[in-house]
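Written out below as structure tokens is the structure these notes cover.
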Amino acid sequence: EAARHSSTIRGVVVASSDKAYGIQSKLPYREDSPLSGCHPYDASKSCADLLASTYFHTYGLKVCVTRCGNIYGPGDFNFSRIVPGTIRSIIKNKTLFIRSNGKFTRDYIYVKDIVGGYLLLAQNLEKLGLSGQAFNFSDEAPISVLRLVKVIAKIAGKGKANYKILNQAKCEIPHQYLCAKKARKMLGWSSRYSLEEGLKESILWYRQYLRKEY
């Protein structure tokens with residue numbers, strides 16, 4: 001509402017999530033996949049996306065929605081998430097507890113790639129007439145939790161990660177990953193960081209941060 005009534009705001013980029021799509025029988029998610037979040041968090045994303053699009057269709061507000069995979073990178077202090085949690089457990093030589101069965105698949109994308117996507121979309125929102133549309137941002141390389149943990153351990157210079165599978169995950173979708181073809185075609189966007197490159201930067205940052213913290 002503030003954006004609608006503002007005389008200075010030229011457009012709005014909504015940072016949403018792949019969770020808005022909910023459980024789908026066909027993957028990867030595409031922008032025309034139905035929004036069908038069935039758990040509270042997922043449904044909140046579906047609803048926010050729908051409301052955002054109504055402000056374009058009803059009021060003409062220049063708004064776009066972005067849906068991203070699992071974002072990781074420096075500055076994420078939520079150590080219950082798999083990437084920072086794994087990195088910290090390796091640096092501190094502690095056991096990593098994996099909530100799921102380790103087989104859940106996601107696409108993971110480096111924070112700098114996402115920021116680049118947000119800026120690119122904002123810069124072209126008016127010029128390309130993108131209002132009312134949604135864009136997926138993904139590296140399009142889904143990976144299982146266990147495989148990700150092993151990759152992190154290898155990059156961190158530890159031969160084997162010390163983990164325990166709890167298999168207690170509830171209200172989580174087993175498999176989620178996105179198609180970013182639309183963003184590549186219409187925006188010229190693509191992920192510049194491979195998983196390995198993004199993890200290397202992340203591990204370096206967390207080593208420095210955790211050294212200062214303790």
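In the structure tokens, chains take the letters A, B, ... in the order shown, each chain's residues start at 1, and ligands count up from 1 in the order shown.
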Practice item. Fewer than 3 positions away in the same chain doesn't count, so skip those; otherwise give me all residues within 7 Å of Leu146 of chain A, counting only C-alpha atoms, as a VMD selection string. Key: chain A and resid 102 to 103 149 to 150
Review point. Which polymer residues have any atom within 12 Å of an atom of segment 122-129 of chain A, counting only C-alpha atoms, with same-chain residues fewer than 4 positions away left out, as a ChimeraX atom specification?
Key: /A:9-15,56,60-66,115-118,133-135,183,186-189
Review point. Among chain A, which ones does DSSP place in strand (DSSP E or B), written as a ChimeraX atom specification?
Key: /A:12-17,29,63-68,70-72,96-98,105-106,108-110,134-137,143-144,163-165,175,178
**Study point:** Residues near Leu27 of chain A, cut-off 10 Å, only C-alpha atoms, skip fewer than 3 positions along chain, as a list in words
**Key:** Ile23, Gln24, Arg30, Ser33, His175, Gln176, Tyr177, Leu178 and Cys179 of chain A
Print the selection's residues with N, CA and C atoms to a file, as a PDB file, in the first residue's frame.
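Generated file (part.pdb):
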```
ATOM      1  N   ILE A  23       4.051 -28.565  -3.343  1.00  0.00           N
ATOM      2  CA  ILE A  23       4.373 -29.874  -3.893  1.00  0.00           C
ATOM      3  C   ILE A  23       3.828 -29.983  -5.311  1.00  0.00           C
ATOM      4  N   GLN A  24       4.707 -30.314  -6.248  1.00  0.00           N
ATOM      5  CA  GLN A  24       4.312 -30.449  -7.646  1.00  0.00           C
ATOM      6  C   GLN A  24       4.690 -31.843  -8.151  1.00  0.00           C
ATOM      7  N   ARG A  30       8.383 -24.236 -12.945  1.00  0.00           N
ATOM      8  CA  ARG A  30       8.421 -23.157 -13.921  1.00  0.00           C
ATOM      9  C   ARG A  30       7.480 -22.047 -13.457  1.00  0.00           C
ATOM     10  N   SER A  33       3.867 -22.735 -13.158  1.00  0.00           N
ATOM     11  CA  SER A  33       3.397 -23.785 -12.254  1.00  0.00           C
ATOM     12  C   SER A  33       2.446 -23.161 -11.234  1.00  0.00           C
ATOM     13  N   HIS A 175      11.495 -32.851  -2.669  1.00  0.00           N
ATOM     14  CA  HIS A 175      12.256 -32.473  -3.852  1.00  0.00           C
ATOM     15  C   HIS A 175      11.751 -31.141  -4.405  1.00  0.00           C
ATOM     16  N   GLN A 176      12.662 -30.191  -4.500  1.00  0.00           N
ATOM     17  CA  GLN A 176      12.342 -28.862  -5.019  1.00  0.00           C
ATOM     18  C   GLN A 176      13.510 -28.330  -5.830  1.00  0.00           C
ATOM     19  N   TYR A 177      13.247 -27.941  -7.062  1.00  0.00           N
ATOM     20  CA  TYR A 177      14.252 -27.236  -7.849  1.00  0.00           C
ATOM     21  C   TYR A 177      13.579 -26.516  -9.011  1.00  0.00           C
ATOM     22  N   LEU A 178      14.270 -25.491  -9.491  1.00  0.00           N
ATOM     23  CA  LEU A 178      13.671 -24.514 -10.398  1.00  0.00           C
ATOM     24  C   LEU A 178      14.271 -24.539 -11.796  1.00  0.00           C
ATOM     25  N   CYS A 179      13.473 -24.100 -12.764  1.00  0.00           N
ATOM     26  CA  CYS A 179      13.943 -23.823 -14.112  1.00  0.00           C
ATOM     27  C   CYS A 179      14.122 -22.310 -14.237  1.00  0.00           C
TER      28      CYS A 179
END
```
Point to revise | Which of chain A DSSP labels alpha helix (DSSP H), written as number ranges by chain | key: A: 2-5, 40-59, 82-91, 111-124, 145-155, 181-187, 195-213
**Study point:** 8 Å contact set for Asp113 of chain A, only C-alpha atoms, chain neighbours under 3 positions out, as a ChimeraX atom specification
**Key:** /A:109-110,116-117,190-193
Kindly save the residues from that selection, with all heavy atoms included, as a PDB file, in the first residue's frame.
```
ATOM      1  N   ILE A 109      21.939 -21.697  -4.445  1.00  0.00           N
ATOM      2  CA  ILE A 109      22.457 -20.613  -5.279  1.00  0.00           C
ATOM      3  C   ILE A 109      23.139 -19.557  -4.413  1.00  0.00           C
ATOM      4  O   ILE A 109      22.634 -19.187  -3.340  1.00  0.00           O
ATOM      5  CB  ILE A 109      21.342 -19.996  -6.152  1.00  0.00           C
ATOM      6  CG1 ILE A 109      21.916 -18.968  -7.111  1.00  0.00           C
ATOM      7  CG2 ILE A 109      20.220 -19.431  -5.307  1.00  0.00           C
ATOM      8  CD1 ILE A 109      21.010 -18.668  -8.285  1.00  0.00           C
ATOM      9  N   TYR A 110      24.277 -19.105  -4.879  1.00  0.00           N
ATOM     10  CA  TYR A 110      25.106 -18.180  -4.115  1.00  0.00           C
ATOM     11  C   TYR A 110      24.446 -16.813  -4.023  1.00  0.00           C
ATOM     12  O   TYR A 110      23.844 -16.322  -4.977  1.00  0.00           O
ATOM     13  CB  TYR A 110      26.472 -18.070  -4.775  1.00  0.00           C
ATOM     14  CG  TYR A 110      27.528 -17.409  -3.924  1.00  0.00           C
ATOM     15  CD1 TYR A 110      27.706 -17.756  -2.592  1.00  0.00           C
ATOM     16  CD2 TYR A 110      28.363 -16.440  -4.459  1.00  0.00           C
ATOM     17  CE1 TYR A 110      28.684 -17.157  -1.817  1.00  0.00           C
ATOM     18  CE2 TYR A 110      29.357 -15.837  -3.707  1.00  0.00           C
ATOM     19  CZ  TYR A 110      29.508 -16.197  -2.379  1.00  0.00           C
ATOM     20  OH  TYR A 110      30.482 -15.604  -1.616  1.00  0.00           O
ATOM     21  N   GLY A 116      22.578 -10.078  -7.828  1.00  0.00           N
ATOM     22  CA  GLY A 116      22.709  -9.648  -9.220  1.00  0.00           C
ATOM     23  C   GLY A 116      21.402  -9.761  -9.970  1.00  0.00           C
ATOM     24  O   GLY A 116      21.052  -8.888 -10.776  1.00  0.00           O
ATOM     25  N   GLY A 117      20.652 -10.826  -9.691  1.00  0.00           N
ATOM     26  CA  GLY A 117      19.350 -11.004 -10.334  1.00  0.00           C
ATOM     27  C   GLY A 117      18.349  -9.952  -9.907  1.00  0.00           C
ATOM     28  O   GLY A 117      17.613  -9.404 -10.740  1.00  0.00           O
ATOM     29  N   SER A 190      22.295 -15.271 -15.594  1.00  0.00           N
ATOM     30  CA  SER A 190      22.699 -16.648 -15.325  1.00  0.00           C
ATOM     31  C   SER A 190      23.570 -16.644 -14.085  1.00  0.00           C
ATOM     32  O   SER A 190      24.162 -15.611 -13.729  1.00  0.00           O
ATOM     33  CB  SER A 190      23.464 -17.252 -16.506  1.00  0.00           C
ATOM     34  OG  SER A 190      24.669 -16.542 -16.732  1.00  0.00           O
ATOM     35  N   SER A 191      23.639 -17.758 -13.391  1.00  0.00           N
ATOM     36  CA  SER A 191      24.474 -17.833 -12.197  1.00  0.00           C
ATOM     37  C   SER A 191      25.946 -17.811 -12.612  1.00  0.00           C
ATOM     38  O   SER A 191      26.369 -18.559 -13.485  1.00  0.00           O
ATOM     39  CB  SER A 191      24.157 -19.100 -11.404  1.00  0.00           C
ATOM     40  OG  SER A 191      24.326 -20.251 -12.204  1.00  0.00           O
ATOM     41  N   ARG A 192      26.702 -16.947 -11.993  1.00  0.00           N
ATOM     42  CA  ARG A 192      28.126 -16.802 -12.318  1.00  0.00           C
ATOM     43  C   ARG A 192      29.006 -17.668 -11.417  1.00  0.00           C
ATOM     44  O   ARG A 192      30.173 -17.894 -11.728  1.00  0.00           O
ATOM     45  CB  ARG A 192      28.542 -15.336 -12.202  1.00  0.00           C
ATOM     46  CG  ARG A 192      27.819 -14.428 -13.199  1.00  0.00           C
ATOM     47  CD  ARG A 192      28.338 -13.006 -13.124  1.00  0.00           C
ATOM     48  NE  ARG A 192      27.701 -12.145 -14.128  1.00  0.00           N
ATOM     49  CZ  ARG A 192      28.000 -10.865 -14.315  1.00  0.00           C
ATOM     50  NH1 ARG A 192      28.934 -10.295 -13.572  1.00  0.00           N
ATOM     51  NH2 ARG A 192      27.382 -10.164 -15.231  1.00  0.00           N
ATOM     52  N   TYR A 193      28.448 -18.091 -10.306  1.00  0.00           N
ATOM     53  CA  TYR A 193      29.206 -18.891  -9.357  1.00  0.00           C
ATOM     54  C   TYR A 193      28.740 -20.339  -9.412  1.00  0.00           C
ATOM     55  O   TYR A 193      27.549 -20.622  -9.256  1.00  0.00           O
ATOM     56  CB  TYR A 193      29.016 -18.368  -7.929  1.00  0.00           C
ATOM     57  CG  TYR A 193      29.738 -17.076  -7.635  1.00  0.00           C
ATOM     58  CD1 TYR A 193      29.207 -15.851  -8.055  1.00  0.00           C
ATOM     59  CD2 TYR A 193      30.945 -17.066  -6.942  1.00  0.00           C
ATOM     60  CE1 TYR A 193      29.856 -14.662  -7.785  1.00  0.00           C
ATOM     61  CE2 TYR A 193      31.608 -15.873  -6.671  1.00  0.00           C
ATOM     62  CZ  TYR A 193      31.056 -14.679  -7.095  1.00  0.00           C
ATOM     63  OH  TYR A 193      31.708 -13.510  -6.830  1.00  0.00           O
TER      64      TYR A 193
END
```
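Taking atom CA of Ile155 of chain A and atom CA of Cys68 of chain A as the two end points, the separation is 24.2 Å.
Relative to atom CA of Ala20 of chain A, atom CA of Ala43 of chain A is found at 6.5 Å.
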Check your understanding: Using only C-alpha atoms, which residue out of A:Tyr163, A:Gly132, A:Phe137, A:Ala48 lies closest to Leu120 of chain A?
Key -> A:Phe137
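Separating atom CA of Glu140 of chain A from atom CA of Ser194 of chain A is a distance of 10.5 Å.
Using only C-alpha atoms, the smallest distance between any of A:His5, A:Arg106, A:Lys45, A:His39 and Tyr59 of chain A comes from A:His5.
Minimum atom-to-atom distance to Asn101 of chain A, evaluated using only C-alpha atoms, belongs to A:Lys170 out of A:Lys160, A:Lys170, A:Arg207, A:Arg67.
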